[in-house]
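Notes follow the structure.
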Amino acid sequence: MARPRAFDEAQVLDAVRDQFWTAGYAATSLEDLMRVSGLGKGSLYAAFGDKRELFLRALRSYTATSQGHLRRMLDGSPRAIDALRLLLEAPLGEGISPDVRRGCLLANSTCELGGADPEVLAHAHETYETSTALIAECVARAQDDGDLPVQTEPISLARALLGAQQGIVFMSRTGIDPAALADTARSLADRLLPDPSA
């Protein structure tokens with residue numbers, strides 16, 4: 001009879017994800033993965049496969065969690081327009097968090113591996129399309145509320161908002177002053193989310 005695994009798979013994936021997120025794929029060694037997971041090579045690879053498979057599982061876990069956060073954020077405001085503004089401002093929160101300083105794991109991984117790994121590129125494309133659709137639904141609700149012009153095309157605006165949000169996250173990695181980034185987020189919100197009564 002096989003012995004049950006004596007480790008928490010979700011905790012291991014979280015630790016591995018953070019290692020890849022901080023160092024990148026190429027700079028993460030097997031020794032790094034063993035250190036952060038607390039597992040030996042045999043246990044690690046028996047449970048998760050090789051380094052690439054482990055990375056893909058960690059990346060998929062990250063994107064599933066991120067899209068869950070996005071859904072809750074977009075659905076969590078009484079007015080859809082407030083949720084759309086929060087999309088641009090949320091990465092800053094009360095300041096620049098360590099996670100924001102690391103950027104977006106999906107974007108980082110696509111930049112590093114997208115040209116050489118079709119599976120990473122396909123996953124990034126699918127994830128961004130799903131995020132765009134979620135944001136577009138929120139845009140349509142804001143239109144129904146009378147808070148955005150009805151002639152605005154929801155998918156086009158959703159892509160612009162997602163691109164702006166990802167740009168803010170990327171800029172935060174360079175050490176730009178948080179107050180300047182917050183001002184940038186407000187400026188983008190004012191331009192991308194015009195008040196139809198103004």
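FYI, nothing fancy with the structure tokens labels: chains A, B, ... in order, residues from 1 per chain, ligands from 1 as they appear.
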
Practice problem: Write out as a list in words which residues come within 12 Å of stretch 38-47 of chain A when counting only C-alpha atoms, dropping same-chain ones fewer than 3 positions away. | Solution: Pro4, Arg5, Ala6, Phe7, Asp8, Glu9, Ala10, Gln11, Val12, Leu13, Ala15, Val16, Ser29, Leu30, Glu31, Asp32, Leu33, Met34, Arg35, Asp50, Lys51, Arg52, Glu53, Leu54, Phe55 and Arg57 of chain A

Take the residues from that selection and put them in a file with N, CA, C and O atoms, as an mmCIF file, in the first residue's frame.
data_model
loop_
_atom_site.group_PDB
_atom_site.id
_atom_site.type_symbol
_atom_site.label_atom_id
_atom_site.label_comp_id
_atom_site.auth_asym_id
_atom_site.auth_seq_id
_atom_site.Cartn_x
_atom_site.Cartn_y
_atom_site.Cartn_z
ATOM 1 N N PRO A 4 0.583 7.720 2.278
ATOM 2 C CA PRO A 4 0.026 9.032 1.930
ATOM 3 C C PRO A 4 1.117 10.094 1.954
ATOM 4 O O PRO A 4 2.105 9.980 2.673
ATOM 5 N N ARG A 5 0.951 11.104 1.143
ATOM 6 C CA ARG A 5 1.933 12.191 1.120
ATOM 7 C C ARG A 5 1.948 12.909 2.456
ATOM 8 O O ARG A 5 0.904 13.232 3.014
ATOM 9 N N ALA A 6 3.142 13.205 2.932
ATOM 10 C CA ALA A 6 3.287 13.843 4.234
ATOM 11 C C ALA A 6 3.555 15.334 4.079
ATOM 12 O O ALA A 6 4.288 15.917 4.865
ATOM 13 N N PHE A 7 2.975 15.948 3.053
ATOM 14 C CA PHE A 7 3.128 17.385 2.881
ATOM 15 C C PHE A 7 1.848 17.957 2.285
ATOM 16 O O PHE A 7 1.032 17.228 1.713
ATOM 17 N N ASP A 8 1.676 19.252 2.457
ATOM 18 C CA ASP A 8 0.505 19.954 1.934
ATOM 19 C C ASP A 8 0.832 20.436 0.532
ATOM 20 O O ASP A 8 1.689 21.309 0.353
ATOM 21 N N GLU A 9 0.158 19.880 -0.454
ATOM 22 C CA GLU A 9 0.461 20.201 -1.848
ATOM 23 C C GLU A 9 0.262 21.687 -2.140
ATOM 24 O O GLU A 9 1.068 22.301 -2.849
ATOM 25 N N ALA A 10 -0.809 22.273 -1.600
ATOM 26 C CA ALA A 10 -1.074 23.691 -1.847
ATOM 27 C C ALA A 10 0.035 24.561 -1.270
ATOM 28 O O ALA A 10 0.455 25.552 -1.892
ATOM 29 N N GLN A 11 0.527 24.214 -0.071
ATOM 30 C CA GLN A 11 1.610 24.995 0.534
ATOM 31 C C GLN A 11 2.890 24.897 -0.281
ATOM 32 O O GLN A 11 3.600 25.888 -0.450
ATOM 33 N N VAL A 12 3.165 23.704 -0.783
ATOM 34 C CA VAL A 12 4.356 23.532 -1.614
ATOM 35 C C VAL A 12 4.229 24.366 -2.883
ATOM 36 O O VAL A 12 5.177 25.068 -3.279
ATOM 37 N N LEU A 13 3.065 24.324 -3.529
ATOM 38 C CA LEU A 13 2.870 25.114 -4.751
ATOM 39 C C LEU A 13 3.012 26.601 -4.475
ATOM 40 O O LEU A 13 3.582 27.336 -5.282
ATOM 41 N N ALA A 15 4.864 28.000 -2.130
ATOM 42 C CA ALA A 15 6.280 28.292 -1.903
ATOM 43 C C ALA A 15 7.057 28.299 -3.201
ATOM 44 O O ALA A 15 7.905 29.184 -3.439
ATOM 45 N N VAL A 16 6.754 27.347 -4.061
ATOM 46 C CA VAL A 16 7.419 27.270 -5.360
ATOM 47 C C VAL A 16 7.039 28.460 -6.231
ATOM 48 O O VAL A 16 7.885 29.057 -6.905
ATOM 49 N N SER A 29 16.839 27.359 -9.408
ATOM 50 C CA SER A 29 17.504 26.059 -9.535
ATOM 51 C C SER A 29 16.697 24.981 -8.820
ATOM 52 O O SER A 29 15.796 25.273 -8.013
ATOM 53 N N LEU A 30 17.045 23.740 -9.093
ATOM 54 C CA LEU A 30 16.435 22.630 -8.371
ATOM 55 C C LEU A 30 16.699 22.768 -6.875
ATOM 56 O O LEU A 30 15.810 22.496 -6.050
ATOM 57 N N GLU A 31 17.893 23.212 -6.526
ATOM 58 C CA GLU A 31 18.222 23.400 -5.110
ATOM 59 C C GLU A 31 17.299 24.444 -4.476
ATOM 60 O O GLU A 31 16.876 24.300 -3.326
ATOM 61 N N ASP A 32 16.990 25.525 -5.223
ATOM 62 C CA ASP A 32 16.049 26.532 -4.717
ATOM 63 C C ASP A 32 14.683 25.903 -4.448
ATOM 64 O O ASP A 32 14.051 26.160 -3.412
ATOM 65 N N LEU A 33 14.221 25.093 -5.396
ATOM 66 C CA LEU A 33 12.900 24.476 -5.265
ATOM 67 C C LEU A 33 12.864 23.496 -4.093
ATOM 68 O O LEU A 33 11.868 23.439 -3.357
ATOM 69 N N MET A 34 13.937 22.759 -3.904
ATOM 70 C CA MET A 34 14.011 21.852 -2.763
ATOM 71 C C MET A 34 14.028 22.629 -1.454
ATOM 72 O O MET A 34 13.369 22.250 -0.473
ATOM 73 N N ARG A 35 14.774 23.742 -1.439
ATOM 74 C CA ARG A 35 14.873 24.543 -0.216
ATOM 75 C C ARG A 35 13.525 25.135 0.172
ATOM 76 O O ARG A 35 13.102 25.036 1.336
ATOM 77 N N ASP A 50 8.754 17.442 -13.549
ATOM 78 C CA ASP A 50 10.026 18.151 -13.628
ATOM 79 C C ASP A 50 9.850 19.641 -13.369
ATOM 80 O O ASP A 50 8.750 20.111 -13.068
ATOM 81 N N LYS A 51 10.941 20.389 -13.477
ATOM 82 C CA LYS A 51 10.911 21.824 -13.166
ATOM 83 C C LYS A 51 9.869 22.551 -13.993
ATOM 84 O O LYS A 51 9.110 23.382 -13.472
ATOM 85 N N ARG A 52 9.785 22.256 -15.282
ATOM 86 C CA ARG A 52 8.825 22.952 -16.144
ATOM 87 C C ARG A 52 7.392 22.649 -15.730
ATOM 88 O O ARG A 52 6.546 23.551 -15.666
ATOM 89 N N GLU A 53 7.102 21.381 -15.464
ATOM 90 C CA GLU A 53 5.751 21.022 -15.055
ATOM 91 C C GLU A 53 5.394 21.654 -13.719
ATOM 92 O O GLU A 53 4.260 22.102 -13.505
ATOM 93 N N LEU A 54 6.358 21.697 -12.819
ATOM 94 C CA LEU A 54 6.137 22.348 -11.525
ATOM 95 C C LEU A 54 5.859 23.836 -11.719
ATOM 96 O O LEU A 54 4.949 24.406 -11.096
ATOM 97 N N PHE A 55 6.630 24.471 -12.602
ATOM 98 C CA PHE A 55 6.407 25.884 -12.896
ATOM 99 C C PHE A 55 5.013 26.115 -13.488
ATOM 100 O O PHE A 55 4.300 27.042 -13.081
ATOM 101 N N ARG A 57 2.331 24.342 -13.149
ATOM 102 C CA ARG A 57 1.303 24.172 -12.116
ATOM 103 C C ARG A 57 1.241 25.388 -11.207
ATOM 104 O O ARG A 57 0.159 25.853 -10.841
#

Exercise. Write out as a PyMOL selection string which residues come within 10 Å of A:Ala124 when counting only C-alpha atoms, dropping same-chain ones fewer than 2 positions away.
Key: chain A and resi 59-60+63+106-107+109-110+114+118-122+126-130

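Around A:Ala26, within 10 Å and counting only C-alpha atoms, the residues found are A:Phe20, A:Glu112, A:Leu113, once anything fewer than 6 positions away on its own chain is removed.
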
Quiz item: Can you list, as a PyMOL selection string, every protein, DNA or RNA residue that comes within 8 Å of A:Cys104 when you count only C-alpha atoms, leaving out same-chain residues fewer than 4 positions away?
Solution: chain A and resi 100+108+166+169-170

Can you write out the residues you just picked, keeping N, CA and C atoms, as a PDB file, in the first residue's frame?
ATOM      1  N   VAL A 100       3.464  43.763  -5.455  1.00  0.00           N
ATOM      2  CA  VAL A 100       3.411  44.662  -6.599  1.00  0.00           C
ATOM      3  C   VAL A 100       4.816  44.968  -7.096  1.00  0.00           C
ATOM      4  N   ASN A 108       5.508  38.609 -16.079  1.00  0.00           N
ATOM      5  CA  ASN A 108       6.944  38.327 -15.986  1.00  0.00           C
ATOM      6  C   ASN A 108       7.295  37.053 -16.751  1.00  0.00           C
ATOM      7  N   GLN A 166      -1.892  46.860 -15.918  1.00  0.00           N
ATOM      8  CA  GLN A 166      -0.640  46.124 -16.000  1.00  0.00           C
ATOM      9  C   GLN A 166       0.549  47.087 -16.135  1.00  0.00           C
ATOM     10  N   VAL A 169       1.408  48.344 -12.677  1.00  0.00           N
ATOM     11  CA  VAL A 169       2.142  47.319 -11.929  1.00  0.00           C
ATOM     12  C   VAL A 169       3.585  47.251 -12.407  1.00  0.00           C
ATOM     13  N   PHE A 170       3.787  47.293 -13.725  1.00  0.00           N
ATOM     14  CA  PHE A 170       5.149  47.237 -14.255  1.00  0.00           C
ATOM     15  C   PHE A 170       5.964  48.452 -13.809  1.00  0.00           C
TER      16      PHE A 170
END

Practice problem: For A:Arg102, please output as a list in words all residues within 8 Å (counting only C-alpha atoms; exclusion window: fewer than 5 positions along the same chain). | Solution: Trp21, Thr22 and Arg173 of chain A

Can I get the selected residues back with N, CA, C and O atoms, as a CSV table (one decimal), in the first residue's frame?
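As a result, result34.csv now contains:
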chain,number,residue,atom,x,y,z
A,21,TRP,N,8.3,33.6,-8.8
A,21,TRP,CA,7.9,34.9,-8.9
A,21,TRP,C,9.0,35.9,-8.6
A,21,TRP,O,9.2,36.9,-9.2
A,22,THR,N,9.8,35.6,-7.6
A,22,THR,CA,10.9,36.4,-7.1
A,22,THR,C,12.1,36.4,-8.1
A,22,THR,O,12.7,37.4,-8.4
A,173,ARG,N,7.6,48.4,-10.4
A,173,ARG,CA,8.8,47.6,-10.2
A,173,ARG,C,10.1,48.5,-10.4
A,173,ARG,O,11.1,48.1,-9.9

Self-check item: Best match for closeness to A:Gly24 among A:Gly76, A:Asp82, A:Ser37, A:Cys111, counting only C-alpha atoms
Solution: A:Cys111

Practice problem: Excluding A:Asp75 and any residue of its chain fewer than 4 positions from it, enumerate the residues within 12 Å of it, using only C-alpha atoms, and give them as a list in words. | Solution: Gly68, His69, Leu70, Arg71, Arg79, Ala80, Ile81, Asp82, Ala83, Leu84, Leu86, Leu87, Leu134, Ile135, Glu137, Cys138, Val139, Arg141 and Ala142 of chain A

Quiz item: In terms of the shortest atom-to-atom distance over only C-alpha atoms, which of A:Arg101, A:Ser131, A:Gln151, A:Asp14 is closest to A:Ile176?
Solution: A:Arg101

Exercise. Write out as a ChimeraX atom specification all residues of stretch 2-194 of chain A that DSSP puts in alpha helix (DSSP H) for this structure's backbone.
Key: /A:9-23,30-37,41-48,51-75,80-89,98-101,105-113,118-144,154-172,178-192

Quiz item: Counting only C-alpha atoms, what is within 10 Å of A:Asp195, bar same-chain residues fewer than 2 positions away, as a PyMOL selection string?
Solution: chain A and resi 81+146-149+190-193+197-198

Keeping all heavy atoms, export the residues of the selection given above as an mmCIF file, in the first residue's frame.
data_model
loop_
_atom_site.group_PDB
_atom_site.id
_atom_site.type_symbol
_atom_site.label_atom_id
_atom_site.label_comp_id
_atom_site.auth_asym_id
_atom_site.auth_seq_id
_atom_site.Cartn_x
_atom_site.Cartn_y
_atom_site.Cartn_z
ATOM 1 N N ILE A 81 -18.877 51.396 -11.921
ATOM 2 C CA ILE A 81 -17.855 52.390 -12.266
ATOM 3 C C ILE A 81 -16.803 52.477 -11.165
ATOM 4 O O ILE A 81 -15.607 52.663 -11.447
ATOM 5 C CB ILE A 81 -18.489 53.779 -12.537
ATOM 6 C CG1 ILE A 81 -17.473 54.728 -13.150
ATOM 7 C CG2 ILE A 81 -19.096 54.370 -11.278
ATOM 8 C CD1 ILE A 81 -17.085 54.389 -14.568
ATOM 9 N N GLY A 146 -25.713 54.147 -16.319
ATOM 10 C CA GLY A 146 -25.608 55.517 -16.801
ATOM 11 C C GLY A 146 -24.308 56.196 -16.439
ATOM 12 O O GLY A 146 -24.171 57.415 -16.572
ATOM 13 N N ASP A 147 -23.309 55.413 -15.997
ATOM 14 C CA ASP A 147 -22.034 55.982 -15.558
ATOM 15 C C ASP A 147 -20.962 55.983 -16.644
ATOM 16 O O ASP A 147 -19.876 56.550 -16.433
ATOM 17 C CB ASP A 147 -21.508 55.220 -14.335
ATOM 18 C CG ASP A 147 -22.350 55.484 -13.093
ATOM 19 O OD1 ASP A 147 -22.858 56.610 -12.951
ATOM 20 O OD2 ASP A 147 -22.498 54.551 -12.275
ATOM 21 N N LEU A 148 -21.210 55.339 -17.778
ATOM 22 C CA LEU A 148 -20.304 55.372 -18.918
ATOM 23 C C LEU A 148 -21.113 55.589 -20.186
ATOM 24 O O LEU A 148 -22.261 55.145 -20.268
ATOM 25 C CB LEU A 148 -19.519 54.057 -19.031
ATOM 26 C CG LEU A 148 -18.349 53.835 -18.080
ATOM 27 C CD1 LEU A 148 -17.757 52.439 -18.287
ATOM 28 C CD2 LEU A 148 -17.268 54.889 -18.279
ATOM 29 N N PRO A 149 -20.525 56.261 -21.170
ATOM 30 C CA PRO A 149 -21.251 56.504 -22.418
ATOM 31 C C PRO A 149 -21.680 55.192 -23.082
ATOM 32 O O PRO A 149 -20.913 54.219 -23.122
ATOM 33 C CB PRO A 149 -20.227 57.244 -23.292
ATOM 34 C CG PRO A 149 -19.237 57.818 -22.324
ATOM 35 C CD PRO A 149 -19.182 56.855 -21.180
ATOM 36 N N ASP A 190 -9.525 58.997 -15.038
ATOM 37 C CA ASP A 190 -10.272 60.149 -15.549
ATOM 38 C C ASP A 190 -10.395 60.115 -17.077
ATOM 39 O O ASP A 190 -11.416 60.519 -17.634
ATOM 40 C CB ASP A 190 -9.581 61.455 -15.122
ATOM 41 C CG ASP A 190 -9.728 61.734 -13.629
ATOM 42 O OD1 ASP A 190 -10.601 61.105 -12.988
ATOM 43 O OD2 ASP A 190 -8.944 62.544 -13.109
ATOM 44 N N ARG A 191 -9.350 59.622 -17.742
ATOM 45 C CA ARG A 191 -9.365 59.610 -19.204
ATOM 46 C C ARG A 191 -10.093 58.405 -19.780
ATOM 47 O O ARG A 191 -10.771 58.514 -20.794
ATOM 48 C CB ARG A 191 -7.915 59.642 -19.729
ATOM 49 C CG ARG A 191 -7.285 61.016 -19.611
ATOM 50 C CD ARG A 191 -5.769 60.975 -19.724
ATOM 51 N NE ARG A 191 -5.197 62.317 -19.746
ATOM 52 C CZ ARG A 191 -5.096 63.116 -18.688
ATOM 53 N NH1 ARG A 191 -5.547 62.705 -17.516
ATOM 54 N NH2 ARG A 191 -4.557 64.328 -18.798
ATOM 55 N N LEU A 192 -9.942 57.253 -19.122
ATOM 56 C CA LEU A 192 -10.545 56.037 -19.659
ATOM 57 C C LEU A 192 -11.990 55.840 -19.196
ATOM 58 O O LEU A 192 -12.736 55.093 -19.844
ATOM 59 C CB LEU A 192 -9.720 54.825 -19.232
ATOM 60 C CG LEU A 192 -8.314 54.737 -19.861
ATOM 61 C CD1 LEU A 192 -7.521 53.597 -19.205
ATOM 62 C CD2 LEU A 192 -8.414 54.515 -21.356
ATOM 63 N N LEU A 193 -12.356 56.489 -18.108
ATOM 64 C CA LEU A 193 -13.706 56.318 -17.553
ATOM 65 C C LEU A 193 -14.400 57.668 -17.431
ATOM 66 O O LEU A 193 -14.686 58.151 -16.335
ATOM 67 C CB LEU A 193 -13.627 55.627 -16.183
ATOM 68 C CG LEU A 193 -12.924 54.264 -16.169
ATOM 69 C CD1 LEU A 193 -12.650 53.808 -14.736
ATOM 70 C CD2 LEU A 193 -13.761 53.242 -16.916
ATOM 71 N N SER A 197 -22.089 62.634 -17.883
ATOM 72 C CA SER A 197 -22.850 63.860 -17.575
ATOM 73 C C SER A 197 -21.967 65.090 -17.591
ATOM 74 O O SER A 197 -22.458 66.212 -17.488
ATOM 75 C CB SER A 197 -23.502 63.723 -16.200
ATOM 76 O OG SER A 197 -22.526 63.623 -15.181
ATOM 77 N N ALA A 198 -20.638 64.895 -17.718
ATOM 78 C CA ALA A 198 -19.719 66.023 -17.666
ATOM 79 C C ALA A 198 -19.743 66.806 -18.973
ATOM 80 O O ALA A 198 -20.001 66.254 -20.023
ATOM 81 C CB ALA A 198 -18.312 65.530 -17.364
#
